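Undergrad: Pasting start25.pdb here (PDB, C-alpha atoms and all ligand atoms):
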ATOM      1  CA  MET A   1     113.263 111.010 129.691  1.00  0.00           C
ATOM      2  CA  GLU A   2     116.230 110.042 131.851  1.00  0.00           C
ATOM      3  CA  ARG A   3     116.372 108.287 135.215  1.00  0.00           C
ATOM      4  CA  THR A   4     118.546 108.816 138.257  1.00  0.00           C
ATOM      5  CA  LEU A   5     118.818 107.005 141.572  1.00  0.00           C
ATOM      6  CA  THR A   6     118.704 108.816 144.876  1.00  0.00           C
ATOM      7  CA  ILE A   7     118.927 107.517 148.414  1.00  0.00           C
ATOM      8  CA  LEU A   8     117.481 109.505 151.295  1.00  0.00           C
ATOM      9  CA  LYS A   9     120.294 108.589 153.663  1.00  0.00           C
ATOM     10  CA  PRO A  10     119.996 107.482 157.335  1.00  0.00           C
ATOM     11  CA  ASP A  11     120.500 111.078 158.579  1.00  0.00           C
ATOM     12  CA  CYS A  12     117.528 112.199 156.445  1.00  0.00           C
ATOM     13  CA  VAL A  13     115.320 109.475 157.943  1.00  0.00           C
ATOM     14  CA  ARG A  14     116.557 110.164 161.524  1.00  0.00           C
ATOM     15  CA  LYS A  15     115.812 113.885 161.152  1.00  0.00           C
ATOM     16  CA  ASN A  16     112.266 113.109 159.938  1.00  0.00           C
ATOM     17  CA  LEU A  17     112.949 114.892 156.644  1.00  0.00           C
ATOM     18  CA  ILE A  18     111.710 112.248 154.179  1.00  0.00           C
ATOM     19  CA  GLY A  19     108.656 114.309 153.236  1.00  0.00           C
ATOM     20  CA  ALA A  20     110.487 117.651 153.108  1.00  0.00           C
ATOM     21  CA  VAL A  21     113.165 116.271 150.797  1.00  0.00           C
ATOM     22  CA  ILE A  22     110.703 114.487 148.502  1.00  0.00           C
ATOM     23  CA  ASP A  23     108.690 117.719 148.334  1.00  0.00           C
ATOM     24  CA  LYS A  24     111.763 119.612 147.091  1.00  0.00           C
ATOM     25  CA  ILE A  25     112.463 116.846 144.574  1.00  0.00           C
ATOM     26  CA  GLU A  26     108.895 116.832 143.197  1.00  0.00           C
ATOM     27  CA  ARG A  27     108.785 120.641 143.039  1.00  0.00           C
ATOM     28  CA  ALA A  28     111.946 120.494 140.936  1.00  0.00           C
ATOM     29  CA  GLY A  29     110.018 118.478 138.343  1.00  0.00           C
ATOM     30  CA  PHE A  30     111.072 114.896 139.088  1.00  0.00           C
ATOM     31  CA  ARG A  31     108.608 111.984 139.045  1.00  0.00           C
ATOM     32  CA  VAL A  32     108.953 109.057 141.449  1.00  0.00           C
ATOM     33  CA  VAL A  33     109.000 105.778 139.527  1.00  0.00           C
ATOM     34  CA  ALA A  34     110.067 103.472 142.384  1.00  0.00           C
ATOM     35  CA  MET A  35     110.569 103.940 146.129  1.00  0.00           C
ATOM     36  CA  LYS A  36     111.059 101.844 149.253  1.00  0.00           C
ATOM     37  CA  LYS A  37     112.334 102.043 152.813  1.00  0.00           C
ATOM     38  CA  THR A  38     115.115  99.590 153.599  1.00  0.00           C
ATOM     39  CA  ARG A  39     118.277  99.200 155.660  1.00  0.00           C
ATOM     40  CA  LEU A  40     121.652  98.439 154.163  1.00  0.00           C
ATOM     41  CA  THR A  41     123.990  96.012 155.901  1.00  0.00           C
ATOM     42  CA  LYS A  42     127.688  96.863 156.083  1.00  0.00           C
ATOM     43  CA  ALA A  43     128.206  94.393 153.243  1.00  0.00           C
ATOM     44  CA  THR A  44     125.572  95.911 150.941  1.00  0.00           C
ATOM     45  CA  ALA A  45     126.622  99.494 151.791  1.00  0.00           C
ATOM     46  CA  GLY A  46     130.221  98.529 151.030  1.00  0.00           C
ATOM     47  CA  GLU A  47     129.171  97.034 147.715  1.00  0.00           C
ATOM     48  CA  PHE A  48     127.057 100.064 146.749  1.00  0.00           C
ATOM     49  CA  TYR A  49     129.984 102.427 147.405  1.00  0.00           C
ATOM     50  CA  GLY A  50     132.611  99.990 146.076  1.00  0.00           C
ATOM     51  CA  VAL A  51     134.197 102.633 143.815  1.00  0.00           C
ATOM     52  CA  HIS A  52     135.308 104.459 146.977  1.00  0.00           C
ATOM     53  CA  ARG A  53     136.913 101.345 148.546  1.00  0.00           C
ATOM     54  CA  GLU A  54     140.422 102.842 148.562  1.00  0.00           C
ATOM     55  CA  ARG A  55     139.383 106.269 149.886  1.00  0.00           C
ATOM     56  CA  PRO A  56     140.195 107.215 153.505  1.00  0.00           C
ATOM     57  CA  PHE A  57     136.527 107.880 154.319  1.00  0.00           C
ATOM     58  CA  TYR A  58     135.259 104.496 153.054  1.00  0.00           C
ATOM     59  CA  GLY A  59     134.938 102.856 156.514  1.00  0.00           C
ATOM     60  CA  GLU A  60     133.082 105.852 157.907  1.00  0.00           C
ATOM     61  CA  LEU A  61     130.820 105.938 154.833  1.00  0.00           C
ATOM     62  CA  VAL A  62     129.909 102.251 155.157  1.00  0.00           C
ATOM     63  CA  GLU A  63     129.235 102.644 158.911  1.00  0.00           C
ATOM     64  CA  PHE A  64     127.003 105.645 158.296  1.00  0.00           C
ATOM     65  CA  MET A  65     125.060 104.169 155.373  1.00  0.00           C
ATOM     66  CA  SER A  66     124.306 101.020 157.401  1.00  0.00           C
ATOM     67  CA  SER A  67     123.504 102.929 160.620  1.00  0.00           C
ATOM     68  CA  GLY A  68     119.740 103.074 160.054  1.00  0.00           C
ATOM     69  CA  PRO A  69     116.987 102.866 157.472  1.00  0.00           C
ATOM     70  CA  CYS A  70     117.242 104.721 154.176  1.00  0.00           C
ATOM     71  CA  VAL A  71     114.853 105.433 151.283  1.00  0.00           C
ATOM     72  CA  PRO A  72     116.116 104.618 147.777  1.00  0.00           C
ATOM     73  CA  ILE A  73     114.092 106.241 144.994  1.00  0.00           C
ATOM     74  CA  ILE A  74     114.252 106.045 141.193  1.00  0.00           C
ATOM     75  CA  LEU A  75     113.453 109.445 139.673  1.00  0.00           C
ATOM     76  CA  GLU A  76     112.527 110.382 136.124  1.00  0.00           C
ATOM     77  CA  LYS A  77     112.900 113.720 134.324  1.00  0.00           C
ATOM     78  CA  ASP A  78     114.533 115.162 131.221  1.00  0.00           C
ATOM     79  CA  ASN A  79     118.240 115.458 131.992  1.00  0.00           C
ATOM     80  CA  ALA A  80     117.563 113.785 135.369  1.00  0.00           C
ATOM     81  CA  VAL A  81     121.161 112.973 136.351  1.00  0.00           C
ATOM     82  CA  ALA A  82     122.647 116.449 135.907  1.00  0.00           C
ATOM     83  CA  ASP A  83     119.523 118.283 137.076  1.00  0.00           C
ATOM     84  CA  PHE A  84     119.359 116.204 140.249  1.00  0.00           C
ATOM     85  CA  ARG A  85     122.998 116.972 141.074  1.00  0.00           C
ATOM     86  CA  LYS A  86     122.020 120.672 140.889  1.00  0.00           C
ATOM     87  CA  VAL A  87     119.054 120.133 143.237  1.00  0.00           C
ATOM     88  CA  ILE A  88     121.183 118.352 145.876  1.00  0.00           C
ATOM     89  CA  GLY A  89     124.230 120.649 145.741  1.00  0.00           C
ATOM     90  CA  ALA A  90     127.918 119.965 146.402  1.00  0.00           C
ATOM     91  CA  THR A  91     129.044 116.913 148.410  1.00  0.00           C
ATOM     92  CA  ASP A  92     130.158 119.202 151.256  1.00  0.00           C
ATOM     93  CA  PRO A  93     127.116 121.169 152.471  1.00  0.00           C
ATOM     94  CA  ALA A  94     129.416 124.083 153.372  1.00  0.00           C
ATOM     95  CA  GLU A  95     130.127 124.416 149.640  1.00  0.00           C
ATOM     96  CA  ALA A  96     126.580 123.723 148.413  1.00  0.00           C
ATOM     97  CA  ASP A  97     124.624 126.511 146.701  1.00  0.00           C
ATOM     98  CA  ALA A  98     121.869 128.255 148.682  1.00  0.00           C
ATOM     99  CA  GLY A  99     118.548 126.463 148.512  1.00  0.00           C
ATOM    100  CA  THR A 100     119.989 123.066 147.588  1.00  0.00           C
ATOM    101  CA  ILE A 101     118.955 120.030 149.648  1.00  0.00           C
ATOM    102  CA  ARG A 102     122.409 119.554 151.157  1.00  0.00           C
ATOM    103  CA  GLN A 103     122.812 123.254 151.956  1.00  0.00           C
ATOM    104  CA  LEU A 104     119.419 123.291 153.676  1.00  0.00           C
ATOM    105  CA  TYR A 105     119.551 120.013 155.583  1.00  0.00           C
ATOM    106  CA  ALA A 106     123.015 118.383 155.721  1.00  0.00           C
ATOM    107  CA  ASP A 107     125.442 118.603 158.653  1.00  0.00           C
ATOM    108  CA  SER A 108     128.693 117.456 157.069  1.00  0.00           C
ATOM    109  CA  LYS A 109     130.418 116.033 154.023  1.00  0.00           C
ATOM    110  CA  GLY A 110     130.000 112.532 155.458  1.00  0.00           C
ATOM    111  CA  GLU A 111     126.352 112.907 156.522  1.00  0.00           C
ATOM    112  CA  ASN A 112     124.871 114.768 153.598  1.00  0.00           C
ATOM    113  CA  ILE A 113     121.205 113.678 153.454  1.00  0.00           C
ATOM    114  CA  VAL A 114     121.018 112.346 149.880  1.00  0.00           C
ATOM    115  CA  HIS A 115     122.820 110.296 147.263  1.00  0.00           C
ATOM    116  CA  GLY A 116     122.592 111.193 143.579  1.00  0.00           C
ATOM    117  CA  SER A 117     123.904 109.111 140.653  1.00  0.00           C
ATOM    118  CA  ASP A 118     126.816 110.607 138.699  1.00  0.00           C
ATOM    119  CA  SER A 119     125.854 109.220 135.248  1.00  0.00           C
ATOM    120  CA  ALA A 120     122.898 107.607 133.496  1.00  0.00           C
ATOM    121  CA  GLU A 121     124.895 104.390 133.218  1.00  0.00           C
ATOM    122  CA  ASN A 122     125.578 104.279 136.964  1.00  0.00           C
ATOM    123  CA  ALA A 123     121.968 105.261 137.675  1.00  0.00           C
ATOM    124  CA  ALA A 124     120.798 102.077 135.922  1.00  0.00           C
ATOM    125  CA  ILE A 125     123.319  99.938 137.844  1.00  0.00           C
ATOM    126  CA  GLU A 126     122.355 101.566 141.155  1.00  0.00           C
ATOM    127  CA  ALA A 127     118.619 101.230 140.439  1.00  0.00           C
ATOM    128  CA  SER A 128     119.011  97.486 139.873  1.00  0.00           C
ATOM    129  CA  PHE A 129     120.838  97.282 143.212  1.00  0.00           C
ATOM    130  CA  PHE A 130     117.597  98.193 145.021  1.00  0.00           C
ATOM    131  CA  PHE A 131     114.677  97.425 142.700  1.00  0.00           C
ATOM    132  CA  SER A 132     113.406  94.501 140.653  1.00  0.00           C
ATOM    133  CA  SER A 133     111.776  95.250 137.295  1.00  0.00           C
ATOM    134  CA  GLU A 134     108.274  94.658 138.782  1.00  0.00           C
ATOM    135  CA  GLU A 135     108.916  97.409 141.340  1.00  0.00           C
ATOM    136  CA  VAL A 136     109.738 100.003 138.707  1.00  0.00           C
ATOM    137  CA  VAL A 137     106.489 101.542 137.497  1.00  0.00           C
ATOM    138  CA  SER A 138     106.816 104.296 134.937  1.00  0.00           C
ATOM    139  CA  VAL A 139     104.708 107.418 135.241  1.00  0.00           C
ATOM    140  CA  ASN A 140     102.730 106.889 132.045  1.00  0.00           C
TER
HETATM  141  P1  LIG A 201     128.553 112.589 146.048  1.00  0.00           P
HETATM  142  O1  LIG A 201     127.669 111.900 147.059  1.00  0.00           O
HETATM  143  O2  LIG A 201     128.344 114.087 146.048  1.00  0.00           O
HETATM  144  O3  LIG A 201     128.441 111.988 144.661  1.00  0.00           O
HETATM  145  P2  LIG A 201     131.125 111.221 146.242  1.00  0.00           P
HETATM  146  O4  LIG A 201     130.607 110.273 145.222  1.00  0.00           O
HETATM  147  O5  LIG A 201     132.449 111.862 145.999  1.00  0.00           O
HETATM  148  O6  LIG A 201     130.065 112.391 146.532  1.00  0.00           O
HETATM  149  O7  LIG A 201     131.235 110.484 147.651  1.00  0.00           O
HETATM  150  C1  LIG A 201     130.212 109.590 148.063  1.00  0.00           C
HETATM  151  C2  LIG A 201     129.886 109.865 149.512  1.00  0.00           C
HETATM  152  O8  LIG A 201     131.047 109.600 150.314  1.00  0.00           O
HETATM  153  C3  LIG A 201     129.513 111.310 149.839  1.00  0.00           C
HETATM  154  O9  LIG A 201     128.161 111.579 149.582  1.00  0.00           O
HETATM  155  C4  LIG A 201     129.842 111.381 151.285  1.00  0.00           C
HETATM  156  C5  LIG A 201     131.085 110.519 151.412  1.00  0.00           C
HETATM  157  N1  LIG A 201     132.296 111.334 151.283  1.00  0.00           N
HETATM  158  C6  LIG A 201     132.861 111.806 150.161  1.00  0.00           C
HETATM  159  N2  LIG A 201     133.967 112.509 150.414  1.00  0.00           N
HETATM  160  C7  LIG A 201     134.103 112.491 151.757  1.00  0.00           C
HETATM  161  C8  LIG A 201     135.061 113.052 152.673  1.00  0.00           C
HETATM  162  N3  LIG A 201     136.097 113.767 152.233  1.00  0.00           N
HETATM  163  N4  LIG A 201     134.876 112.818 153.985  1.00  0.00           N
HETATM  164  C9  LIG A 201     133.844 112.076 154.437  1.00  0.00           C
HETATM  165  N5  LIG A 201     132.899 111.528 153.645  1.00  0.00           N
HETATM  166  C10 LIG A 201     133.036 111.732 152.328  1.00  0.00           C
HETATM  167 MG    MG A 202     129.056 110.205 143.876  1.00  0.00          MG
END
Give the structure from the file, written as structure tokens.
Ligand code: DAT
Ligand code: MG

TA:
Amino acid sequence: MERTLTILKPDCVRKNLIGAVIDKIERAGFRVVAMKKTRLTKATAGEFYGVHRERPFYGELVEFMSSGPCVPIILEKDNAVADFRKVIGATDPAEADAGTIRQLYADSKGENIVHGSDSAENAAIEASFFFSSEEVVSVN
């Protein structure tokens, strides 16, 4: 079993799509092991996306991610990291495969409904950003 970290981003919450997106995730075989609703500050959003600090879209990304509540979730599945990237689709929804979460629900590259970890190592770092060990309850 592998874990990945997703965030249902502020656009997902604003569009009232929390349930629809979690439904797609569960139907794809993922189990929820931790979940909460929270709101990032500019400082915490900036820290979470620190690897993108030098990119031209960083300011916009931090503004967006702190613009409203979001729903971080730890997911578990065999091959969770790679399989979840397939379920969400390409960063730019215009390039995302048909039926992926971003293709179905996202408006733009900047506001693209969900985050997905890019490696198991980063998934563990990102999970600890949002959840304490007592909040992480394995399926079995
Ligand atoms: P992903 O979320 O698919 O892993 P990423 O790690 O390259 O993509 O970038 C993180 C987020 O930053 C992405 O979900 C949305 C935003 N972003 C990336 N490239 C962007 C761009 N060219 N313009 C605006 N926002 C961008
Ligand atoms: Mg990424």

Undergrad: Closest to ligand MG 202 (chain A) among A:Val114, A:Leu40, A:Val136, A:Ala94, using only C-alpha atoms and all ligand atoms?

TA: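 Between A:Val114, A:Leu40, A:Val136, A:Ala94, the residue approaching ligand MG 202 (chain A) most closely is A:Val114.
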
Undergrad: May I ask you to write as a PyMOL selection string all residues lying at most 10 Å from ligand LIG 201 (chain A), with all atoms listed in the file counted?

TA: chain A and resi 6-7+9+49+51-52+55-62+64-65+85+88-93+102+108-118

Undergrad: Kindly extract all protein, DNA and RNA residues lying within 12 Å of the coordinates (123.2, 98.7, 139.9) given in the file, considering all atoms listed in the file, and supply them as a PyMOL selection string.

TA: chain A and resi 4-5+44+47-50+74+117+119-132

Undergrad: Which of these, A:Val71, A:Val21, A:Ala82, A:Arg31, has the shortest distance to ligand MG 202 (chain A) once you count all atoms listed in the file?

TA: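 Ranking A:Val71, A:Val21, A:Ala82, A:Arg31 by distance to ligand MG 202 (chain A), first place goes to A:Ala82.
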
Undergrad: Could you please determine the separation between CA of Ile25 in chain A and CA of Ala43 in chain A in Å, to one decimal place?

TA: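 Interatomic distance, CA of Ile25 in chain A to CA of Ala43 in chain A: 28.8 Å.
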
Undergrad: Between CA of Val32 in chain A and CA of Leu17 in chain A, what is the spacing in Å?

TA: 16.8 Å

Undergrad: Pick out the closest residue to ligand MG 202 (chain A) from this set: A:Cys12, A:Ala96, A:Ile22, A:Val81. Count only C-alpha atoms and all ligand atoms.

TA: A:Val81

Undergrad: What's the 9 Å shell around Thr38 in chain A, counting only C-alpha atoms, without same-chain residues fewer than 5 positions away, as a PyMOL selection string?

TA: chain A and resi 68-72

Undergrad: Provide the CA of Ile101 in chain A to CA of Val87 in chain A distance in Å, to one decimal place.

TA: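 For CA of Ile101 in chain A relative to CA of Val87 in chain A, the distance reads 6.4 Å.
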
Undergrad: Contacts of Asp83 in chain A at 10 Å or less, counting all atoms listed in the file, minus same-chain residues fewer than 5 places along, as a PyMOL selection string?

TA: chain A and resi 4+28-30+77-78+88

Undergrad: Go ahead and write the residues just picked, C-alpha atoms, as a PDB file, in the frame of the given file.

TA:
ATOM      1  CA  THR A   4     118.546 108.816 138.257  1.00  0.00           C
ATOM      2  CA  ALA A  28     111.946 120.494 140.936  1.00  0.00           C
ATOM      3  CA  GLY A  29     110.018 118.478 138.343  1.00  0.00           C
ATOM      4  CA  PHE A  30     111.072 114.896 139.088  1.00  0.00           C
ATOM      5  CA  LYS A  77     112.900 113.720 134.324  1.00  0.00           C
ATOM      6  CA  ASP A  78     114.533 115.162 131.221  1.00  0.00           C
ATOM      7  CA  ILE A  88     121.183 118.352 145.876  1.00  0.00           C
TER       8      ILE A  88
END

Undergrad: For Ile18 in chain A, which of A:Ala80, A:Ala98, A:Ser133, A:Met35 is the closest residue, counting all atoms listed in the file?

TA: A:Met35

Undergrad: Using all atoms listed in the file, find the one residue out of A:Phe84, A:Pro10, A:Glu134, A:Asn16 that sits nearest to ligand MG 202 (chain A).

TA: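 The closest residue to ligand MG 202 (chain A) is A:Phe84.
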
Undergrad: Calculate, to one decimal in Å, the centre and edge lengths of the box along x, y and z of the file that holds all listed atoms of range 108-122 of chain A with 8 Å of margin on each side, and present them as lines of an AutoDock Vina configuration file.

TA:
center_x = 125.7
center_y = 110.9
center_z = 145.1
size_x = 25.4
size_y = 29.2
size_z = 39.9

Undergrad: Reconstruct N, CA and C atoms of range 40-52 of chain A; output as a compact mmCIF listing (two decimals), in the coordinates of the input.

TA:
# COMPACT_ATOMS: atom_id res chain seq x y z
N LEU A 40 120.48 99.10 154.72
CA LEU A 40 121.65 98.44 154.16
C LEU A 40 122.44 97.77 155.29
N THR A 41 123.01 96.61 155.00
CA THR A 41 123.99 96.01 155.90
C THR A 41 125.35 96.63 155.58
N LYS A 42 126.34 96.37 156.42
CA LYS A 42 127.69 96.86 156.08
C LYS A 42 128.14 96.29 154.74
N ALA A 43 127.78 95.03 154.50
CA ALA A 43 128.21 94.39 153.24
C ALA A 43 127.55 95.05 152.03
N THR A 44 126.24 95.31 152.11
CA THR A 44 125.57 95.91 150.94
C THR A 44 125.97 97.38 150.77
N ALA A 45 126.16 98.10 151.89
CA ALA A 45 126.62 99.49 151.79
C ALA A 45 128.02 99.53 151.17
N GLY A 46 128.86 98.60 151.57
CA GLY A 46 130.22 98.53 151.03
C GLY A 46 130.22 98.22 149.55
N GLU A 47 129.28 97.38 149.14
CA GLU A 47 129.17 97.03 147.72
C GLU A 47 128.65 98.24 146.92
N PHE A 48 127.63 98.91 147.45
CA PHE A 48 127.06 100.06 146.75
C PHE A 48 128.12 101.14 146.51
N TYR A 49 128.95 101.39 147.52
CA TYR A 49 129.98 102.43 147.40
C TYR A 49 131.36 101.84 147.07
N GLY A 50 131.37 100.70 146.40
CA GLY A 50 132.61 99.99 146.08
C GLY A 50 133.65 100.82 145.35
N VAL A 51 133.22 101.80 144.54
CA VAL A 51 134.20 102.63 143.82
C VAL A 51 135.06 103.45 144.78
N HIS A 52 134.56 103.65 146.00
CA HIS A 52 135.31 104.46 146.98
C HIS A 52 136.14 103.61 147.94
